[in-house]
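Listing of work-v3.txt, compact mmCIF, C-alpha atoms
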# COMPACT_ATOMS: atom_id res chain seq x y z
CA MET Q 1 -70.94 -45.42 77.01
CA GLU Q 2 -70.92 -41.87 75.74
CA THR Q 3 -68.14 -40.84 73.44
CA THR Q 4 -67.62 -37.17 72.78
CA MET Q 5 -66.94 -36.22 69.22
CA ASN Q 6 -66.51 -33.01 67.34
CA GLU Q 7 -68.74 -31.88 64.47
CA LYS Q 8 -66.43 -33.19 61.80
CA GLU Q 9 -66.31 -36.62 63.38
CA SER Q 10 -70.11 -36.57 63.58
CA LEU Q 11 -70.41 -35.96 59.86
CA GLU Q 12 -67.83 -38.63 59.09
CA LEU Q 13 -69.75 -41.13 61.19
CA ILE Q 14 -73.04 -40.26 59.46
CA THR Q 15 -71.44 -40.64 56.03
CA LYS Q 16 -69.86 -43.96 56.96
CA MET Q 17 -73.10 -45.42 58.29
CA ILE Q 18 -75.21 -44.19 55.40
CA ASN Q 19 -72.72 -45.72 52.98
CA THR Q 20 -72.98 -48.98 54.88
CA ALA Q 21 -76.72 -49.14 54.43
CA LYS Q 22 -76.96 -47.60 50.98
CA SER Q 23 -78.66 -49.57 48.30
CA GLN Q 24 -76.37 -51.73 46.35
CA ILE Q 25 -77.54 -54.54 44.19
CA ASP Q 26 -78.30 -57.37 46.55
CA LYS Q 27 -75.94 -60.28 45.87
CA SER Q 28 -78.65 -62.79 46.70
CA SER Q 29 -80.77 -61.42 43.83
CA ALA Q 30 -78.28 -62.90 41.33
CA VAL Q 31 -79.91 -66.27 41.83
CA TYR Q 32 -83.22 -65.09 40.29
CA PHE Q 33 -81.61 -63.52 37.25
CA LEU Q 34 -79.39 -66.54 36.61
CA LEU Q 35 -82.27 -68.97 37.19
CA TRP Q 36 -84.74 -67.21 34.87
CA GLY Q 37 -82.07 -66.23 32.37
CA TYR Q 38 -80.85 -69.78 31.86
CA LEU Q 39 -84.37 -71.25 31.93
CA VAL Q 40 -85.72 -68.88 29.28
CA VAL Q 41 -82.64 -69.26 27.09
CA MET Q 42 -82.83 -73.06 27.41
CA ALA Q 43 -86.56 -73.13 26.65
CA SER Q 44 -86.12 -70.81 23.64
CA LEU Q 45 -83.27 -72.83 22.16
CA LEU Q 46 -84.96 -76.15 22.95
CA GLN Q 47 -88.15 -75.12 21.17
CA TYR Q 48 -86.11 -73.86 18.23
CA VAL Q 49 -84.13 -77.10 17.99
CA LEU Q 50 -87.25 -79.28 18.35
CA CYS Q 51 -89.11 -77.36 15.65
CA VAL Q 52 -86.44 -76.47 13.14
CA ILE Q 53 -83.95 -79.33 13.43
CA PHE Q 54 -86.19 -82.25 14.47
CA ASN Q 55 -89.27 -80.90 12.74
CA LEU Q 56 -91.38 -81.52 15.85
CA TRP Q 57 -93.57 -78.44 15.44
CA ALA Q 58 -96.45 -79.91 17.42
CA ILE Q 59 -94.52 -80.42 20.64
CA GLY Q 60 -91.87 -77.70 20.46
CA HIS Q 61 -93.76 -75.33 22.73
CA TYR Q 62 -93.68 -77.89 25.57
CA ALA Q 63 -90.14 -76.59 26.15
CA TRP Q 64 -91.83 -73.76 28.06
CA LEU Q 65 -92.91 -76.18 30.79
CA LEU Q 66 -89.41 -75.43 32.12
CA MET Q 67 -90.90 -72.17 33.41
CA PHE Q 68 -92.66 -74.12 36.17
CA VAL Q 69 -89.21 -74.97 37.55
CA GLY Q 70 -88.55 -71.22 37.71
CA VAL Q 71 -91.80 -70.50 39.53
CA PHE Q 72 -91.20 -73.17 42.19
CA VAL Q 73 -87.53 -72.31 42.76
CA THR Q 74 -88.38 -68.59 42.94
CA ILE Q 75 -91.07 -69.15 45.58
CA TYR Q 76 -88.69 -71.41 47.56
CA TYR Q 77 -85.88 -68.83 47.48
CA ARG Q 78 -88.20 -65.92 48.26
CA ILE Q 79 -89.34 -67.61 51.45
CA ASN Q 80 -85.86 -68.71 52.53
CA LEU Q 81 -83.88 -65.63 51.55
CA ASN Q 82 -86.38 -63.27 53.15
CA ARG Q 83 -85.79 -65.05 56.43
CA LYS Q 84 -82.07 -64.28 56.21
CA LYS Q 85 -82.51 -60.63 55.32
CA ARG Q 86 -81.40 -58.36 58.15
CA ILE Q 87 -81.93 -54.96 56.62
CA THR Q 88 -84.60 -53.72 54.27
CA THR Q 89 -83.69 -50.58 52.37
CA TYR Q 90 -86.36 -48.39 50.77
CA ILE Q 91 -84.96 -49.02 47.32
CA GLY Q 92 -84.71 -52.76 47.98
CA ARG Q 93 -88.38 -52.78 48.91
CA VAL Q 94 -89.42 -50.89 45.77
CA ILE Q 95 -87.33 -53.21 43.57
CA GLY Q 96 -88.94 -56.20 45.29
CA TYR Q 97 -92.43 -54.91 44.53
CA LEU Q 98 -91.41 -54.04 40.98
CA TRP Q 99 -90.55 -57.69 40.34
CA LEU Q 100 -93.70 -58.86 42.09
CA ALA Q 101 -95.67 -56.63 39.69
CA PHE Q 102 -93.59 -58.08 36.84
CA GLY Q 103 -94.50 -61.60 37.95
CA ILE Q 104 -98.22 -60.76 38.15
CA SER Q 105 -98.11 -59.12 34.70
CA MET Q 106 -96.33 -62.17 33.26
CA GLY Q 107 -98.87 -64.49 34.84
CA ILE Q 108 -101.79 -62.55 33.33
CA LEU Q 109 -100.06 -62.41 29.95
CA VAL Q 110 -99.40 -66.16 29.92
CA ILE Q 111 -102.97 -67.01 30.95
CA SER Q 112 -104.70 -64.57 28.62
CA SER Q 113 -102.53 -64.24 25.54
CA VAL Q 114 -104.13 -65.53 22.39
CA ASN Q 115 -101.78 -64.04 19.85
CA PHE Q 116 -98.43 -65.79 20.14
CA THR Q 117 -96.84 -63.56 17.51
CA TYR Q 118 -96.56 -60.72 20.02
CA TYR Q 119 -95.71 -62.88 22.99
CA THR Q 120 -91.93 -62.49 22.76
CA PRO Q 121 -91.80 -58.74 22.10
CA VAL Q 122 -94.27 -57.94 24.88
CA ILE Q 123 -92.35 -60.10 27.36
CA LEU Q 124 -89.10 -58.44 26.29
CA LEU Q 125 -90.65 -55.00 26.91
CA PHE Q 126 -91.57 -56.09 30.45
CA VAL Q 127 -88.09 -57.53 31.00
CA ALA Q 128 -86.44 -54.33 29.76
CA LEU Q 129 -88.62 -52.23 32.05
CA GLY Q 130 -87.81 -54.39 35.07
CA ILE Q 131 -84.06 -54.50 34.62
CA PHE Q 132 -83.87 -50.83 33.61
CA VAL Q 133 -85.54 -49.62 36.80
CA THR Q 134 -83.54 -52.11 38.90
CA GLY Q 135 -80.33 -50.93 37.23
CA ILE Q 136 -81.07 -47.23 37.72
CA ALA Q 137 -82.22 -47.64 41.35
CA SER Q 138 -79.20 -49.69 42.35
CA LYS Q 139 -76.74 -47.89 40.07
CA PHE Q 140 -75.84 -51.14 38.35
CA LYS Q 141 -74.91 -50.42 34.74
CA PRO Q 142 -74.98 -53.98 33.30
CA PHE Q 143 -78.77 -53.97 33.79
CA ILE Q 144 -79.12 -50.65 32.00
CA TRP Q 145 -77.18 -51.97 29.00
CA GLY Q 146 -79.16 -55.20 29.19
CA ALA Q 147 -82.40 -53.20 29.13
CA VAL Q 148 -81.30 -51.28 26.03
CA ILE Q 149 -80.53 -54.59 24.27
CA CYS Q 150 -83.91 -56.02 25.35
CA TRP Q 151 -85.72 -52.95 24.00
CA VAL Q 152 -83.94 -53.24 20.67
CA CYS Q 153 -84.71 -56.97 20.54
CA ALA Q 154 -88.37 -56.25 21.41
CA ALA Q 155 -88.57 -53.77 18.51
CA ILE Q 156 -87.04 -56.38 16.18
CA THR Q 157 -89.33 -59.20 17.31
CA PHE Q 158 -92.38 -57.00 16.67
CA ARG Q 159 -91.36 -57.28 13.02
CA VAL Q 160 -89.83 -60.77 12.90
CA HIS Q 161 -92.82 -63.06 13.28
CA GLY Q 162 -91.27 -66.46 12.66
CA ILE Q 163 -89.55 -69.01 14.86
CA GLU Q 164 -86.43 -66.81 14.71
CA GLN Q 165 -88.06 -64.80 17.49
CA LEU Q 166 -86.80 -67.51 19.83
CA LEU Q 167 -83.16 -66.91 18.90
CA ILE Q 168 -83.54 -63.16 19.45
CA ASN Q 169 -85.27 -63.89 22.77
CA ALA Q 170 -82.37 -66.11 23.88
CA PHE Q 171 -79.88 -63.40 22.93
CA ALA Q 172 -81.85 -60.68 24.76
CA LEU Q 173 -82.15 -62.71 27.97
CA THR Q 174 -78.44 -63.55 27.88
CA ALA Q 175 -77.66 -59.83 27.75
CA GLY Q 176 -80.41 -58.78 30.16
CA TYR Q 177 -80.32 -61.49 32.83
CA ILE Q 178 -77.44 -63.95 32.51
CA ILE Q 179 -74.47 -61.61 32.03
CA PRO Q 180 -75.57 -59.10 34.73
CA GLY Q 181 -76.48 -62.05 36.98
CA HIS Q 182 -72.93 -63.43 36.76
CA ILE Q 183 -71.45 -59.98 37.38
CA ILE Q 184 -73.54 -59.58 40.56
CA TYR Q 185 -72.63 -63.08 41.66
CA LYS Q 186 -68.91 -62.33 41.35
CA GLN Q 187 -69.17 -59.17 43.44
CA LYS Q 188 -67.77 -59.26 46.93
CA ASN Q 189 -70.18 -59.47 49.80
CA VAL Q 190 -70.90 -56.06 51.23
CA MET P 1 -75.62 -17.85 67.53
CA PHE P 2 -75.35 -21.55 66.98
CA ASN P 3 -78.08 -23.98 67.81
CA GLU P 4 -77.14 -26.36 70.54
CA LEU P 5 -76.60 -29.85 69.18
CA ASN P 6 -79.28 -32.35 70.14
CA PRO P 7 -77.58 -34.26 73.00
CA LEU P 8 -79.59 -37.36 72.23
CA LEU P 9 -78.04 -37.55 68.78
CA HIS P 10 -74.64 -36.12 69.60
CA SER P 11 -73.38 -39.45 70.88
CA GLN P 12 -71.35 -41.82 68.76
CA LEU P 13 -73.47 -44.94 69.04
CA ARG P 14 -76.88 -43.26 68.92
CA LEU P 15 -75.84 -41.22 65.91
CA ALA P 16 -74.53 -44.36 64.21
CA ILE P 17 -77.87 -46.12 64.84
CA MET P 18 -79.86 -43.19 63.48
CA SER P 19 -77.62 -42.89 60.40
CA LEU P 20 -78.10 -46.58 59.64
CA LEU P 21 -81.85 -46.40 60.07
CA ILE P 22 -82.29 -43.20 58.05
CA SER P 23 -81.53 -45.08 54.83
CA ALA P 24 -83.32 -48.29 55.74
CA HIS P 25 -86.96 -49.19 55.91
CA ASN P 26 -86.08 -51.39 58.85
CA ALA P 27 -83.03 -53.17 60.25
CA GLU P 28 -82.53 -56.04 62.65
CA PHE P 29 -80.80 -55.67 66.01
CA VAL P 30 -78.02 -58.06 64.96
CA TYR P 31 -77.34 -56.06 61.81
CA ILE P 32 -77.09 -52.77 63.74
CA ARG P 33 -74.80 -54.40 66.30
CA GLU P 34 -72.53 -55.74 63.55
CA LYS P 35 -72.30 -52.44 61.66
CA THR P 36 -71.79 -50.25 64.73
CA GLY P 37 -69.48 -52.66 66.53
CA ALA P 38 -71.36 -52.06 69.80
CA THR P 39 -71.96 -54.63 72.50
CA ALA P 40 -75.48 -56.05 72.75
CA GLY P 41 -75.98 -54.52 76.20
CA ASN P 42 -74.90 -51.03 75.23
CA LEU P 43 -76.88 -51.16 72.01
CA SER P 44 -80.04 -52.15 73.91
CA VAL P 45 -79.64 -49.22 76.29
CA GLN P 46 -79.16 -46.72 73.44
CA LEU P 47 -82.05 -48.15 71.45
CA ASP P 48 -84.26 -47.74 74.53
CA LYS P 49 -83.24 -44.08 74.82
CA LEU P 50 -84.03 -43.45 71.15
CA GLN P 51 -87.32 -45.26 71.52
CA GLU P 52 -88.28 -43.23 74.60
CA ALA P 53 -87.70 -40.07 72.56
CA LYS P 54 -89.98 -41.61 69.88
CA TYR P 55 -87.15 -41.33 67.33
CA ILE P 56 -87.36 -45.02 66.49
CA THR P 57 -89.79 -47.87 66.88
CA VAL P 58 -88.61 -51.24 68.11
CA VAL P 59 -90.67 -54.30 67.28
CA LYS P 60 -89.97 -57.58 69.01
CA SER P 61 -91.12 -60.73 67.28
CA PHE P 62 -89.90 -64.21 66.46
CA LYS P 63 -88.06 -65.59 63.45
CA GLY P 64 -88.79 -69.28 63.73
CA LYS P 65 -87.94 -69.92 67.37
CA LYS P 66 -85.40 -67.13 67.74
CA PRO P 67 -86.43 -63.75 69.10
CA LEU P 68 -86.13 -60.98 66.54
CA THR P 69 -85.81 -57.26 67.24
CA THR P 70 -86.46 -54.96 64.31
CA CYS P 71 -85.90 -51.21 64.43
CA SER P 72 -87.13 -48.46 62.17
CA ILE P 73 -86.92 -44.70 62.27
CA THR P 74 -90.02 -42.54 62.89
CA ILE P 75 -90.99 -39.24 61.24
CA LEU P 76 -90.00 -37.48 64.46
CA GLY P 77 -86.63 -39.26 64.27
CA ILE P 78 -86.09 -38.20 60.66
CA GLU P 79 -86.88 -34.58 61.57
CA ALA P 80 -84.50 -34.65 64.55
CA PHE P 81 -81.78 -36.21 62.41
CA GLU P 82 -82.19 -33.61 59.68
CA LYS P 83 -82.08 -30.80 62.22
CA TYR P 84 -78.95 -32.28 63.79
CA VAL P 85 -77.21 -32.43 60.40
CA ALA P 86 -78.22 -28.81 59.65
CA ASP P 87 -76.91 -27.70 63.06
CA ILE P 88 -73.62 -29.50 62.54
CA GLN P 89 -73.20 -27.85 59.16
CA GLN P 90 -73.53 -24.47 60.86
CA TYR P 91 -70.63 -25.33 63.15
CA ILE P 92 -68.47 -26.55 60.29
CA LYS P 93 -69.13 -23.48 58.15
CA LYS P 94 -68.22 -21.04 60.93

Go through the file and emit its structure as structure tokens.
Amino acid sequence: METTMNEKESLELITKMINTAKSQIDKSSAVYFLLWGYLVVMASLLQYVLCVIFNLWAIGHYAWLLMFVGVFVTIYYRINLNRKKRITTYIGRVIGYLWLAFGISMGILVISSVNFTYYTPVILLFVALGIFVTGIASKFKPFIWGAVICWVCAAITFRVHGIEQLLINAFALTAGYIIPGHIIYKQKNV
Amino acid sequence: MFNELNPLLHSQLRLAIMSLLISAHNAEFVYIREKTGATAGNLSVQLDKLQEAKYITVVKSFKGKKPLTTCSITILGIEAFEKYVADIQQYIKK
């Protein structure tokens, strides 16, 4: 089948097809932001409640065992969602590797960190970097605003050294992961 | 004088395929079929033509037990596409 077309129709077709494949935030990625957002917020608040309200300072940090749930669910989804993916855009690939690098950096930080005072601010800096680049690359503003809030919260937690860091952390992740995650999830399939 | 439009690209379906692939790292056969609205048979024929011209690479593999055809554009394909767009712009500006 050969259809003749004039030059204008050619350009229209090119524009239409490029718009079809252009990088938009991938709806399936919402699951990671919602998963990690809720897990980190839950762990932060749980540790805060255990320590401050129940005075269980010795066991409060066990709340962070919830992160293992995140790791397993993420690996499960990565394997299954990748199988369903039918197009890989350049930007999608770069964003994917950005978050892989984020995961590796987090892993090294968790294994090696000895000074827990700077744990929260450093993690928030990484989070801000990740969502900022994702937001710019996919032209998704909620991530950019989320990144700004995470940067501000990181700057604050560098100065606030007490258990209150956890509350700021929960607030930052709500703005950076949970709210944008819900916005992506509500978007229509493209 | 206007450059003659590349006949390989100046065809609705082949141009649609190339335009899809230009912004993607790779795309599956099923995805291209869905977005272009072409029949599987016609799409296969046009993909073969583009592959013969070395504008795209077609990799056949398996996803589980199902056969999977993945296409991606080559450097030669990108150059041809860019030239085609430049040529078309000449015509439109005239």

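Nearest-residue note for Q:Thr20: choosing from P:Ser19, P:Gln51, P:Thr70, P:Gln12, the minimum distance belongs to P:Ser19, counting only C-alpha atoms.
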
Identify all chain Q residues at most 10 Å from chain P by counting only C-alpha atoms; ligands do not count. Present them as number ranges by chain. Q: 1-11, 13-23, 83-93

List the neighbours of Q:Gly146 out to 10 Å using only C-alpha atoms; skip same-chain residues closer than 2 positions along the sequence, and give me the result as a PyMOL selection string. chain Q and resi 127-128+131-132+135+141-144+148-152+172-180

Writing out the chosen residues with C-alpha atoms as a compact mmCIF listing (two decimals), in the frame of the given file:
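Okay, part12.txt is ready:
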# COMPACT_ATOMS: atom_id res chain seq x y z
CA VAL Q 127 -88.09 -57.53 31.00
CA ALA Q 128 -86.44 -54.33 29.76
CA ILE Q 131 -84.06 -54.50 34.62
CA PHE Q 132 -83.87 -50.83 33.61
CA GLY Q 135 -80.33 -50.93 37.23
CA LYS Q 141 -74.91 -50.42 34.74
CA PRO Q 142 -74.98 -53.98 33.30
CA PHE Q 143 -78.77 -53.97 33.79
CA ILE Q 144 -79.12 -50.65 32.00
CA VAL Q 148 -81.30 -51.28 26.03
CA ILE Q 149 -80.53 -54.59 24.27
CA CYS Q 150 -83.91 -56.02 25.35
CA TRP Q 151 -85.72 -52.95 24.00
CA VAL Q 152 -83.94 -53.24 20.67
CA ALA Q 172 -81.85 -60.68 24.76
CA LEU Q 173 -82.15 -62.71 27.97
CA THR Q 174 -78.44 -63.55 27.88
CA ALA Q 175 -77.66 -59.83 27.75
CA GLY Q 176 -80.41 -58.78 30.16
CA TYR Q 177 -80.32 -61.49 32.83
CA ILE Q 178 -77.44 -63.95 32.51
CA ILE Q 179 -74.47 -61.61 32.03
CA PRO Q 180 -75.57 -59.10 34.73

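Here atom CA of Q:Tyr62 and atom CA of Q:Ser113 stand 16.3 Å from one another.
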
Rounded to one decimal place, report the atom CA of P:Phe81-atom CA of P:Glu4 distance in Å. 13.6 Å

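For the atom pair formed by atom CA of Q:Tyr118 and atom CA of Q:Ala154, the distance is 9.4 Å, given to one decimal.
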
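Using all atoms listed in the file for every distance, the candidate list Q:Val94, Q:Ala30, Q:Cys153, Q:Val49 yields Q:Cys153 as the residue closest to Q:Val122.
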
Neighbouring residues of stretch 164-166 of chain Q were defined as those with any atom within 9 Å, considering all atoms listed in the file; residues of the same chain fewer than 6 positions away were excluded. Please report them as a ChimeraX atom specification. /Q:41,43-45,47-48,117,120-121,156-158

Expected file contents, prior selection, C-alpha atoms, as a PDB file, in the coordinates of the input:
ATOM      1  CA  VAL Q  41     -82.640 -69.260  27.090  1.00  0.00           C
ATOM      2  CA  ALA Q  43     -86.560 -73.130  26.650  1.00  0.00           C
ATOM      3  CA  SER Q  44     -86.120 -70.810  23.640  1.00  0.00           C
ATOM      4  CA  LEU Q  45     -83.270 -72.830  22.160  1.00  0.00           C
ATOM      5  CA  GLN Q  47     -88.150 -75.120  21.170  1.00  0.00           C
ATOM      6  CA  TYR Q  48     -86.110 -73.860  18.230  1.00  0.00           C
ATOM      7  CA  THR Q 117     -96.840 -63.560  17.510  1.00  0.00           C
ATOM      8  CA  THR Q 120     -91.930 -62.490  22.760  1.00  0.00           C
ATOM      9  CA  PRO Q 121     -91.800 -58.740  22.100  1.00  0.00           C
ATOM     10  CA  ILE Q 156     -87.040 -56.380  16.180  1.00  0.00           C
ATOM     11  CA  THR Q 157     -89.330 -59.200  17.310  1.00  0.00           C
ATOM     12  CA  PHE Q 158     -92.380 -57.000  16.670  1.00  0.00           C
TER      13      PHE Q 158
END

For a cut-off of 10 Å around (-79.9, -63.6, 37.8), file coordinates, pick out all residues using all atoms listed in the file and list them as a ChimeraX atom specification. /Q:27-38,176-185

Starting from the sparse input, extend stretch 73-86 of chain P to N, CA, C and O atoms and give the output as a CSV table (one decimal), keeping the file's coordinate frame.
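Result file follows (rebuild_39.csv):
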chain,number,residue,atom,x,y,z
P,73,ILE,N,-86.9,-46.1,61.9
P,73,ILE,CA,-86.9,-44.7,62.3
P,73,ILE,C,-88.3,-44.1,62.1
P,73,ILE,O,-89.1,-44.6,61.3
P,74,THR,N,-88.7,-43.2,63.0
P,74,THR,CA,-90.0,-42.5,62.9
P,74,THR,C,-89.9,-41.2,62.2
P,74,THR,O,-88.8,-40.7,62.0
P,75,ILE,N,-91.0,-40.6,61.9
P,75,ILE,CA,-91.0,-39.2,61.2
P,75,ILE,C,-90.3,-38.3,62.2
P,75,ILE,O,-89.5,-37.4,61.7
P,76,LEU,N,-90.6,-38.4,63.5
P,76,LEU,CA,-90.0,-37.5,64.5
P,76,LEU,C,-88.5,-37.7,64.4
P,76,LEU,O,-87.7,-36.7,64.5
P,77,GLY,N,-88.1,-38.9,64.3
P,77,GLY,CA,-86.6,-39.3,64.3
P,77,GLY,C,-86.0,-38.7,63.0
P,77,GLY,O,-84.8,-38.1,63.1
P,78,ILE,N,-86.6,-38.8,61.9
P,78,ILE,CA,-86.1,-38.2,60.7
P,78,ILE,C,-85.9,-36.7,60.8
P,78,ILE,O,-84.9,-36.1,60.5
P,79,GLU,N,-87.0,-36.0,61.4
P,79,GLU,CA,-86.9,-34.6,61.6
P,79,GLU,C,-85.7,-34.2,62.5
P,79,GLU,O,-85.0,-33.3,62.2
P,80,ALA,N,-85.6,-34.9,63.6
P,80,ALA,CA,-84.5,-34.6,64.6
P,80,ALA,C,-83.1,-34.9,63.9
P,80,ALA,O,-82.2,-34.0,64.1
P,81,PHE,N,-83.0,-35.9,63.1
P,81,PHE,CA,-81.8,-36.2,62.4
P,81,PHE,C,-81.4,-35.1,61.4
P,81,PHE,O,-80.3,-34.6,61.4
P,82,GLU,N,-82.4,-34.7,60.7
P,82,GLU,CA,-82.2,-33.6,59.7
P,82,GLU,C,-81.8,-32.3,60.4
P,82,GLU,O,-80.9,-31.6,59.9
P,83,LYS,N,-82.4,-32.0,61.5
P,83,LYS,CA,-82.1,-30.8,62.2
P,83,LYS,C,-80.6,-30.9,62.8
P,83,LYS,O,-79.9,-30.0,62.7
P,84,TYR,N,-80.3,-32.1,63.3
P,84,TYR,CA,-79.0,-32.3,63.8
P,84,TYR,C,-77.9,-32.0,62.7
P,84,TYR,O,-76.9,-31.4,62.9
P,85,VAL,N,-78.2,-32.6,61.5
P,85,VAL,CA,-77.2,-32.4,60.4
P,85,VAL,C,-77.1,-30.9,60.0
P,85,VAL,O,-76.0,-30.4,59.8
P,86,ALA,N,-78.2,-30.2,60.0
P,86,ALA,CA,-78.2,-28.8,59.6
P,86,ALA,C,-77.4,-28.0,60.7
P,86,ALA,O,-76.6,-27.1,60.4
